[in-house]
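S.K.: One file is attached below, run-v3.cif, containing mmCIF, C-alpha atoms; chains and numbers go by the auth columns.
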```cif
data_coords
loop_
_atom_site.group_PDB
_atom_site.id
_atom_site.type_symbol
_atom_site.label_atom_id
_atom_site.label_comp_id
_atom_site.label_asym_id
_atom_site.label_seq_id
_atom_site.Cartn_x
_atom_site.Cartn_y
_atom_site.Cartn_z
_atom_site.B_iso_or_equiv
_atom_site.auth_seq_id
_atom_site.auth_asym_id
ATOM 1 C CA MET A 1 49.133 10.689 15.308 0.00 187 A
ATOM 2 C CA PRO A 2 48.480 12.853 12.203 0.00 188 A
ATOM 3 C CA ALA A 3 47.506 16.436 12.994 0.00 189 A
ATOM 4 C CA GLU A 4 44.124 16.051 11.255 0.00 190 A
ATOM 5 C CA THR A 5 43.101 13.355 13.767 0.00 191 A
ATOM 6 C CA ASP A 6 44.743 14.829 16.883 0.00 192 A
ATOM 7 C CA PRO A 7 41.924 15.888 19.241 0.00 193 A
ATOM 8 C CA ARG A 8 43.814 19.045 20.271 0.00 194 A
ATOM 9 C CA PHE A 9 44.274 20.028 16.626 0.00 195 A
ATOM 10 C CA LEU A 10 40.567 19.471 15.933 0.00 196 A
ATOM 11 C CA ARG A 11 39.472 21.383 19.064 0.00 197 A
ATOM 12 C CA SER A 12 41.660 24.396 18.271 0.00 198 A
ATOM 13 C CA ARG A 13 40.505 24.399 14.644 0.00 199 A
ATOM 14 C CA GLU A 14 36.857 24.365 15.673 0.00 200 A
ATOM 15 C CA ALA A 15 37.410 27.097 18.304 0.00 201 A
ATOM 16 C CA ILE A 16 39.155 29.272 15.720 0.00 202 A
ATOM 17 C CA LEU A 17 36.438 28.748 13.128 0.00 203 A
ATOM 18 C CA HIS A 18 33.747 29.471 15.718 0.00 204 A
ATOM 19 C CA ALA A 19 35.519 32.701 16.734 0.00 205 A
ATOM 20 C CA ALA A 20 35.919 33.745 13.090 0.00 206 A
ATOM 21 C CA ARG A 21 32.229 33.099 12.429 0.00 207 A
ATOM 22 C CA GLU A 22 31.232 35.171 15.490 0.00 208 A
ATOM 23 C CA LEU A 23 33.465 38.069 14.449 0.00 209 A
ATOM 24 C CA LEU A 24 32.142 37.907 10.895 0.00 210 A
ATOM 25 C CA LEU A 25 28.553 38.129 12.094 0.00 211 A
ATOM 26 C CA GLU A 26 29.236 40.790 14.746 0.00 212 A
ATOM 27 C CA LYS A 27 31.698 43.086 13.002 0.00 213 A
ATOM 28 C CA GLY A 28 31.865 42.077 9.354 0.00 214 A
ATOM 29 C CA PRO A 29 34.616 40.612 7.166 0.00 215 A
ATOM 30 C CA ALA A 30 37.285 43.148 8.108 0.00 216 A
ATOM 31 C CA ALA A 31 37.308 41.785 11.679 0.00 217 A
ATOM 32 C CA VAL A 32 38.337 38.268 10.615 0.00 218 A
ATOM 33 C CA THR A 33 42.114 38.503 10.932 0.00 219 A
ATOM 34 C CA HIS A 34 44.562 36.388 12.898 0.00 220 A
ATOM 35 C CA ALA A 35 44.948 38.527 16.035 0.00 221 A
ATOM 36 C CA PRO A 36 41.270 39.132 16.904 0.00 222 A
ATOM 37 C CA VAL A 37 40.334 35.564 15.983 0.00 223 A
ATOM 38 C CA ALA A 38 43.110 34.165 18.178 0.00 224 A
ATOM 39 C CA GLU A 39 42.041 36.357 21.082 0.00 225 A
ATOM 40 C CA ARG A 40 38.375 35.391 20.716 0.00 226 A
ATOM 41 C CA ALA A 41 39.235 31.669 20.361 0.00 227 A
ATOM 42 C CA GLY A 42 41.609 31.697 23.323 0.00 228 A
ATOM 43 C CA VAL A 43 44.563 30.426 21.306 0.00 229 A
ATOM 44 C CA GLY A 44 47.857 31.911 20.184 0.00 230 A
ATOM 45 C CA ARG A 45 48.224 33.622 16.822 0.00 231 A
ATOM 46 C CA ALA A 46 50.685 30.923 15.771 0.00 232 A
ATOM 47 C CA THR A 47 47.920 28.345 16.190 0.00 233 A
ATOM 48 C CA VAL A 48 45.633 30.333 13.890 0.00 234 A
ATOM 49 C CA TYR A 49 48.446 30.653 11.333 0.00 235 A
ATOM 50 C CA ARG A 50 49.066 26.899 11.524 0.00 236 A
ATOM 51 C CA HIS A 51 45.474 26.202 10.488 0.00 237 A
ATOM 52 C CA TRP A 52 45.036 29.144 8.088 0.00 238 A
ATOM 53 C CA PRO A 53 48.298 30.733 6.883 0.00 239 A
ATOM 54 C CA ARG A 54 46.425 33.568 5.156 0.00 240 A
ATOM 55 C CA PRO A 55 43.506 35.474 6.724 0.00 241 A
ATOM 56 C CA GLU A 56 41.455 35.398 3.514 0.00 242 A
ATOM 57 C CA LEU A 57 41.431 31.585 3.639 0.00 243 A
ATOM 58 C CA LEU A 58 40.060 31.732 7.175 0.00 244 A
ATOM 59 C CA LEU A 59 37.474 34.272 6.061 0.00 245 A
ATOM 60 C CA VAL A 60 36.387 32.077 3.135 0.00 246 A
ATOM 61 C CA GLU A 61 35.931 29.131 5.474 0.00 247 A
ATOM 62 C CA ALA A 62 34.024 31.226 8.024 0.00 248 A
ATOM 63 C CA MET A 63 31.819 32.662 5.279 0.00 249 A
ATOM 64 C CA ALA A 64 30.976 29.151 4.088 0.00 250 A
ATOM 65 C CA THR A 65 29.407 28.424 7.478 0.00 251 A
ATOM 66 C CA VAL A 66 27.250 31.556 7.504 0.00 252 A
ATOM 67 C CA PRO A 67 24.063 31.730 5.437 0.00 253 A
ATOM 68 C CA MET A 68 24.528 33.783 2.251 0.00 254 A
ATOM 69 C CA PRO A 69 22.761 37.101 2.879 0.00 255 A
ATOM 70 C CA PHE A 70 22.394 38.282 -0.715 0.00 256 A
ATOM 71 C CA PHE A 71 19.174 37.848 -2.686 0.00 257 A
ATOM 72 C CA ALA A 72 17.704 35.736 0.136 0.00 258 A
ATOM 73 C CA GLU A 73 14.238 37.274 0.497 0.00 259 A
ATOM 74 C CA PRO A 74 12.813 38.833 -2.657 0.00 260 A
ATOM 75 C CA THR A 75 10.292 41.623 -2.293 0.00 261 A
ATOM 76 C CA VAL A 76 8.030 43.425 -4.729 0.00 262 A
ATOM 77 C CA PRO A 77 8.650 45.503 -6.728 0.00 263 A
ATOM 78 C CA THR A 78 11.496 43.301 -7.896 0.00 264 A
ATOM 79 C CA ARG A 79 13.451 46.129 -9.505 0.00 265 A
ATOM 80 C CA ASP A 80 13.699 48.001 -6.183 0.00 266 A
ATOM 81 C CA TRP A 81 14.703 44.795 -4.411 0.00 267 A
ATOM 82 C CA LEU A 82 17.451 44.133 -6.979 0.00 268 A
ATOM 83 C CA ARG A 83 18.714 47.697 -6.581 0.00 269 A
ATOM 84 C CA ARG A 84 18.947 47.255 -2.782 0.00 270 A
ATOM 85 C CA GLU A 85 20.607 43.837 -3.005 0.00 271 A
ATOM 86 C CA LEU A 86 23.141 44.923 -5.631 0.00 272 A
ATOM 87 C CA THR A 87 23.939 48.093 -3.695 0.00 273 A
ATOM 88 C CA ALA A 88 24.554 46.041 -0.531 0.00 274 A
ATOM 89 C CA MET A 89 26.770 43.650 -2.482 0.00 275 A
ATOM 90 C CA ALA A 90 28.675 46.541 -4.060 0.00 276 A
ATOM 91 C CA HIS A 91 29.320 48.034 -0.608 0.00 277 A
ATOM 92 C CA GLN A 92 30.702 44.702 0.587 0.00 278 A
ATOM 93 C CA LEU A 93 32.934 44.409 -2.490 0.00 279 A
ATOM 94 C CA ASP A 94 34.332 47.867 -1.669 0.00 280 A
ATOM 95 C CA LEU A 95 35.921 46.345 1.459 0.00 281 A
ATOM 96 C CA ASP A 96 39.489 45.197 0.857 0.00 282 A
ATOM 97 C CA ASP A 97 38.967 41.990 2.856 0.00 283 A
ATOM 98 C CA VAL A 98 35.862 40.998 0.920 0.00 284 A
ATOM 99 C CA ARG A 99 37.599 41.798 -2.365 0.00 285 A
ATOM 100 C CA ALA A 100 40.523 39.623 -1.240 0.00 286 A
ATOM 101 C CA VAL A 101 38.170 36.761 -0.372 0.00 287 A
ATOM 102 C CA ALA A 102 36.366 37.008 -3.711 0.00 288 A
ATOM 103 C CA THR A 103 39.574 36.897 -5.710 0.00 289 A
ATOM 104 C CA THR A 104 41.157 34.235 -3.484 0.00 290 A
ATOM 105 C CA LEU A 105 38.102 32.018 -3.828 0.00 291 A
ATOM 106 C CA ALA A 106 38.074 32.377 -7.620 0.00 292 A
ATOM 107 C CA ASN A 107 41.826 31.829 -7.927 0.00 293 A
ATOM 108 C CA THR A 108 42.197 28.980 -5.463 0.00 294 A
ATOM 109 C CA ALA A 109 39.195 27.161 -6.954 0.00 295 A
ATOM 110 C CA LEU A 110 41.252 26.625 -10.105 0.00 296 A
ATOM 111 C CA TRP A 111 43.520 24.109 -8.355 0.00 297 A
ATOM 112 C CA ASP A 112 41.854 23.191 -5.051 0.00 298 A
ATOM 113 C CA GLU A 113 38.825 20.868 -5.183 0.00 299 A
ATOM 114 C CA HIS A 114 37.622 21.987 -1.735 0.00 300 A
ATOM 115 C CA MET A 115 37.625 25.654 -2.783 0.00 301 A
ATOM 116 C CA GLU A 116 36.036 24.761 -6.124 0.00 302 A
ATOM 117 C CA ALA A 117 33.176 23.130 -4.228 0.00 303 A
ATOM 118 C CA ARG A 118 32.734 26.304 -2.146 0.00 304 A
ATOM 119 C CA ARG A 119 32.859 28.505 -5.243 0.00 305 A
ATOM 120 C CA ALA A 120 30.268 26.316 -6.954 0.00 306 A
ATOM 121 C CA GLN A 121 28.088 26.428 -3.836 0.00 307 A
ATOM 122 C CA PHE A 122 28.200 30.247 -3.647 0.00 308 A
ATOM 123 C CA ALA A 123 27.553 30.612 -7.375 0.00 309 A
ATOM 124 C CA GLY A 124 24.723 28.092 -7.296 0.00 310 A
ATOM 125 C CA VAL A 125 22.933 29.784 -4.410 0.00 311 A
ATOM 126 C CA LEU A 126 23.198 33.227 -6.022 0.00 312 A
ATOM 127 C CA SER A 127 22.085 31.955 -9.416 0.00 313 A
ATOM 128 C CA GLU A 128 19.124 30.001 -8.035 0.00 314 A
ATOM 129 C CA ARG A 129 17.895 32.927 -5.943 0.00 315 A
ATOM 130 C CA VAL A 130 18.169 35.497 -8.721 0.00 316 A
ATOM 131 C CA THR A 131 16.611 33.160 -11.302 0.00 317 A
ATOM 132 C CA ALA A 132 13.659 32.343 -9.050 0.00 318 A
ATOM 133 C CA ALA A 133 13.021 36.013 -8.217 0.00 319 A
ATOM 134 C CA LEU A 134 13.170 37.074 -11.870 0.00 320 A
ATOM 135 C CA ASP A 135 10.959 34.199 -12.986 0.00 321 A
ATOM 136 C CA ASP A 136 8.404 35.285 -10.373 0.00 322 A
ATOM 137 C CA ALA A 137 8.693 38.905 -11.536 0.00 323 A
ATOM 138 C CA GLN A 138 8.112 37.815 -15.108 0.00 324 A
ATOM 139 C CA HIS A 139 5.029 35.801 -14.086 0.00 325 A
ATOM 140 C CA ARG A 140 3.666 38.868 -12.250 0.00 326 A
ATOM 141 C CA GLY A 141 4.197 40.978 -15.372 0.00 327 A
ATOM 142 C CA GLU A 142 6.883 43.228 -13.858 0.00 328 A
ATOM 143 C CA LEU A 143 9.520 42.176 -16.359 0.00 329 A
ATOM 144 C CA THR A 144 9.983 40.593 -19.751 0.00 330 A
ATOM 145 C CA LEU A 145 13.409 38.989 -19.623 0.00 331 A
ATOM 146 C CA ALA A 146 15.715 39.614 -22.574 0.00 332 A
ATOM 147 C CA ILE A 147 18.154 36.939 -21.403 0.00 333 A
ATOM 148 C CA PRO A 148 17.629 33.474 -19.941 0.00 334 A
ATOM 149 C CA GLY A 149 16.993 33.675 -16.200 0.00 335 A
ATOM 150 C CA ARG A 150 19.938 31.368 -15.505 0.00 336 A
ATOM 151 C CA ASN A 151 22.260 34.059 -16.958 0.00 337 A
ATOM 152 C CA ALA A 152 20.816 36.857 -14.845 0.00 338 A
ATOM 153 C CA ALA A 153 23.104 36.457 -11.820 0.00 339 A
ATOM 154 C CA ALA A 154 26.182 36.730 -14.043 0.00 340 A
ATOM 155 C CA ALA A 155 24.708 39.742 -15.858 0.00 341 A
ATOM 156 C CA LEU A 156 23.926 41.494 -12.557 0.00 342 A
ATOM 157 C CA ILE A 157 26.890 40.559 -10.382 0.00 343 A
ATOM 158 C CA GLY A 158 29.553 40.397 -13.093 0.00 344 A
ATOM 159 C CA PRO A 159 29.843 44.178 -13.542 0.00 345 A
ATOM 160 C CA LEU A 160 30.129 44.694 -9.767 0.00 346 A
ATOM 161 C CA TYR A 161 32.836 42.062 -9.484 0.00 347 A
ATOM 162 C CA TYR A 162 34.734 43.520 -12.447 0.00 348 A
ATOM 163 C CA ARG A 163 34.502 47.058 -11.080 0.00 349 A
ATOM 164 C CA SER A 164 35.686 45.937 -7.651 0.00 350 A
ATOM 165 C CA THR A 165 38.402 43.417 -8.460 0.00 351 A
ATOM 166 C CA ILE A 166 39.762 44.583 -11.801 0.00 352 A
ATOM 167 C CA GLU A 167 39.258 48.348 -11.626 0.00 353 A
ATOM 168 C CA HIS A 168 39.489 48.642 -7.806 0.00 354 A
ATOM 169 C CA SER A 169 36.678 51.189 -7.911 0.00 355 A
ATOM 170 C CA PRO A 170 33.262 51.297 -6.261 0.00 356 A
ATOM 171 C CA ALA A 171 30.204 50.337 -8.268 0.00 357 A
ATOM 172 C CA ASP A 172 28.166 53.512 -8.662 0.00 358 A
ATOM 173 C CA PRO A 173 24.351 53.604 -8.866 0.00 359 A
ATOM 174 C CA GLY A 174 24.533 54.112 -12.649 0.00 360 A
ATOM 175 C CA LEU A 175 26.331 50.798 -13.124 0.00 361 A
ATOM 176 C CA ILE A 176 23.762 49.031 -10.964 0.00 362 A
ATOM 177 C CA GLU A 177 20.865 50.610 -12.871 0.00 363 A
ATOM 178 C CA SER A 178 22.442 49.649 -16.202 0.00 364 A
ATOM 179 C CA ALA A 179 22.815 46.035 -15.099 0.00 365 A
ATOM 180 C CA ILE A 180 19.189 45.889 -13.955 0.00 366 A
ATOM 181 C CA ALA A 181 17.918 47.547 -17.138 0.00 367 A
ATOM 182 C CA ALA A 182 19.880 45.086 -19.292 0.00 368 A
ATOM 183 C CA LEU A 183 17.830 42.183 -17.953 0.00 369 A
ATOM 184 C CA GLY A 184 14.861 43.121 -20.140 0.00 370 A
ATOM 185 C CA SER A 185 11.842 45.371 -20.316 0.00 371 A
ATOM 186 C CA TRP A 186 10.526 46.509 -16.956 0.00 372 A
ATOM 187 C CA THR A 187 6.903 47.576 -16.608 0.00 373 A
ATOM 188 C CA THR A 188 7.529 49.318 -13.268 0.00 374 A
ATOM 189 C CA ASP A 189 10.266 51.651 -12.042 0.00 375 A
#
```
Take the structure from the file and write it as structure tokens.
M.R.:
Amino acid sequence: MPAETDPRFLRSREAILHAARELLLEKGPAAVTHAPVAERAGVGRATVYRHWPRPELLLVEAMATVPMPFFAEPTVPTRDWLRRELTAMAHQLDLDDVRAVATTLANTALWDEHMEARRAQFAGVLSERVTAALDDAQHRGELTLAIPGRNAAAALIGPLYYRSTIEHSPADPGLIESAIAALGSWTTD
């Protein structure tokens, strides 16, 4: 019987993924490594390695089952909300495990259709949320966009990703403010 259809294989995989999801929600991305996941799932570390040879792959899969927290609930004033959301994202990207997941997802998506679907899902959710919030802000008169709304997520998140993954440095408040200001003309601070 192929491993993918073996009931024991499927049960251990689900237990591991459930444990990883719990640890992610309770303790954050740094907690999703082979040893604590194996302990929580009640399986041996070798079983976790068999399913996910690298911890960042397990983390990516666990993250895909957890609702995306960023840009989920816009508040007014929009500029303050963006500052809070981007600061939270920057703090997450400062974590080595999150940085590893971000780069692994981008890299693996180049050759793995499953990962490409996850990457597209993450990007789509972020883009839709940011676009909707900025369109609403523009309708309220808070902002006159200088770029198309569909480009806003890339303009906001791109500098944080670059700073984190390429420069291996934290995104400071000045970078976040510059990204927000580059969206257009704000009528409120």
S.K.: Could you expand the PyMOL selection byres ((chain A and resi 244) around 9) into the explicit residues it covers here, written as a list in words?
M.R.: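 In the shown coordinates, the PyMOL selection byres ((chain A and resi 244) around 9) covers Ile202, Leu203, Ala206, Val218, Thr219, His220, Val234, His237, Trp238, Pro239, Arg240, Pro241, Glu242, Leu243, Leu245, Val246, Glu247, Ala248 and Met249 of chain A.
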S.K.: Pick out the residues sitting within 12 Å of stretch 313-316 of chain A, and hand them over as JSON, numbers by chain; count only C-alpha atoms, and ignore anything fewer than 5 positions along from it in its own chain.
M.R.: {"A": [254, 255, 256, 257, 258, 259, 260, 261, 264, 265, 267, 268, 271, 272, 306, 307, 308, 321, 322, 323, 334, 335, 336, 337, 338, 339, 340, 341, 342, 343, 344, 366, 369]}
S.K.: Written as a list in words, which residues does the PyMOL selection byres ((chain A and resi 372) around 6) give for the file shown?
M.R.: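 Expected selection for the PyMOL selection byres ((chain A and resi 372) around 6) here is Glu328, Leu329, Ser371, Thr373 and Thr374 of chain A.
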S.K.: Show me, as JSON, the centre and edge lengths in Å to one decimal of the axis-aligned box that covers every listed atom of stretch 325-330 of chain A with 4 Å on each side.
M.R.:
```
{"center_x": 6.8, "center_y": 39.5, "center_z": -16.0, "size_x": 14.3, "size_y": 15.4, "size_z": 15.5}
```
S.K.: Mind listing as a PDB file with C-alpha atoms, in the frame of the given file all residues within 10 Å of (31.0, 46.9, -11.2), counting all atoms listed in the file?
M.R.:
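Output (part.pdb):
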```
ATOM      1  CA  LEU A 272      23.141  44.923  -5.631  1.00  0.00           C
ATOM      2  CA  ALA A 276      28.675  46.541  -4.060  1.00  0.00           C
ATOM      3  CA  LEU A 279      32.934  44.409  -2.490  1.00  0.00           C
ATOM      4  CA  LEU A 342      23.926  41.494 -12.557  1.00  0.00           C
ATOM      5  CA  ILE A 343      26.890  40.559 -10.382  1.00  0.00           C
ATOM      6  CA  GLY A 344      29.553  40.397 -13.093  1.00  0.00           C
ATOM      7  CA  PRO A 345      29.843  44.178 -13.542  1.00  0.00           C
ATOM      8  CA  LEU A 346      30.129  44.694  -9.767  1.00  0.00           C
ATOM      9  CA  TYR A 347      32.836  42.062  -9.484  1.00  0.00           C
ATOM     10  CA  TYR A 348      34.734  43.520 -12.447  1.00  0.00           C
ATOM     11  CA  ARG A 349      34.502  47.058 -11.080  1.00  0.00           C
ATOM     12  CA  SER A 350      35.686  45.937  -7.651  1.00  0.00           C
ATOM     13  CA  THR A 351      38.402  43.417  -8.460  1.00  0.00           C
ATOM     14  CA  ILE A 352      39.762  44.583 -11.801  1.00  0.00           C
ATOM     15  CA  GLU A 353      39.258  48.348 -11.626  1.00  0.00           C
ATOM     16  CA  HIS A 354      39.489  48.642  -7.806  1.00  0.00           C
ATOM     17  CA  SER A 355      36.678  51.189  -7.911  1.00  0.00           C
ATOM     18  CA  PRO A 356      33.262  51.297  -6.261  1.00  0.00           C
ATOM     19  CA  ALA A 357      30.204  50.337  -8.268  1.00  0.00           C
ATOM     20  CA  ASP A 358      28.166  53.512  -8.662  1.00  0.00           C
ATOM     21  CA  PRO A 359      24.351  53.604  -8.866  1.00  0.00           C
ATOM     22  CA  GLY A 360      24.533  54.112 -12.649  1.00  0.00           C
ATOM     23  CA  LEU A 361      26.331  50.798 -13.124  1.00  0.00           C
ATOM     24  CA  ILE A 362      23.762  49.031 -10.964  1.00  0.00           C
ATOM     25  CA  ALA A 365      22.815  46.035 -15.099  1.00  0.00           C
TER      26      ALA A 365
END
```
S.K.: Could you tell me how far atom CA of A:Ala216 sits from atom CA of A:Glu190, in Å to one decimal place?
M.R.: 28.1 Å
S.K.: Distance atom CA of A:His204-atom CA of A:Thr251, one decimal place?
M.R.: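 So the two atoms, atom CA of A:His204 and atom CA of A:Thr251, lie 9.4 Å apart.
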S.K.: Quick one: pull the distance between atom CA of A:Thr317 and atom CA of A:Gly214, Å, one decimal.
M.R.: 27.2 Å
S.K.: Tell me which of A:Leu296, A:Arg207, A:Leu312, A:His325 sits closest to A:Ala250, counting all atoms listed in the file.
M.R.: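 Ranking A:Leu296, A:Arg207, A:Leu312, A:His325 by distance to A:Ala250, first place goes to A:Arg207.
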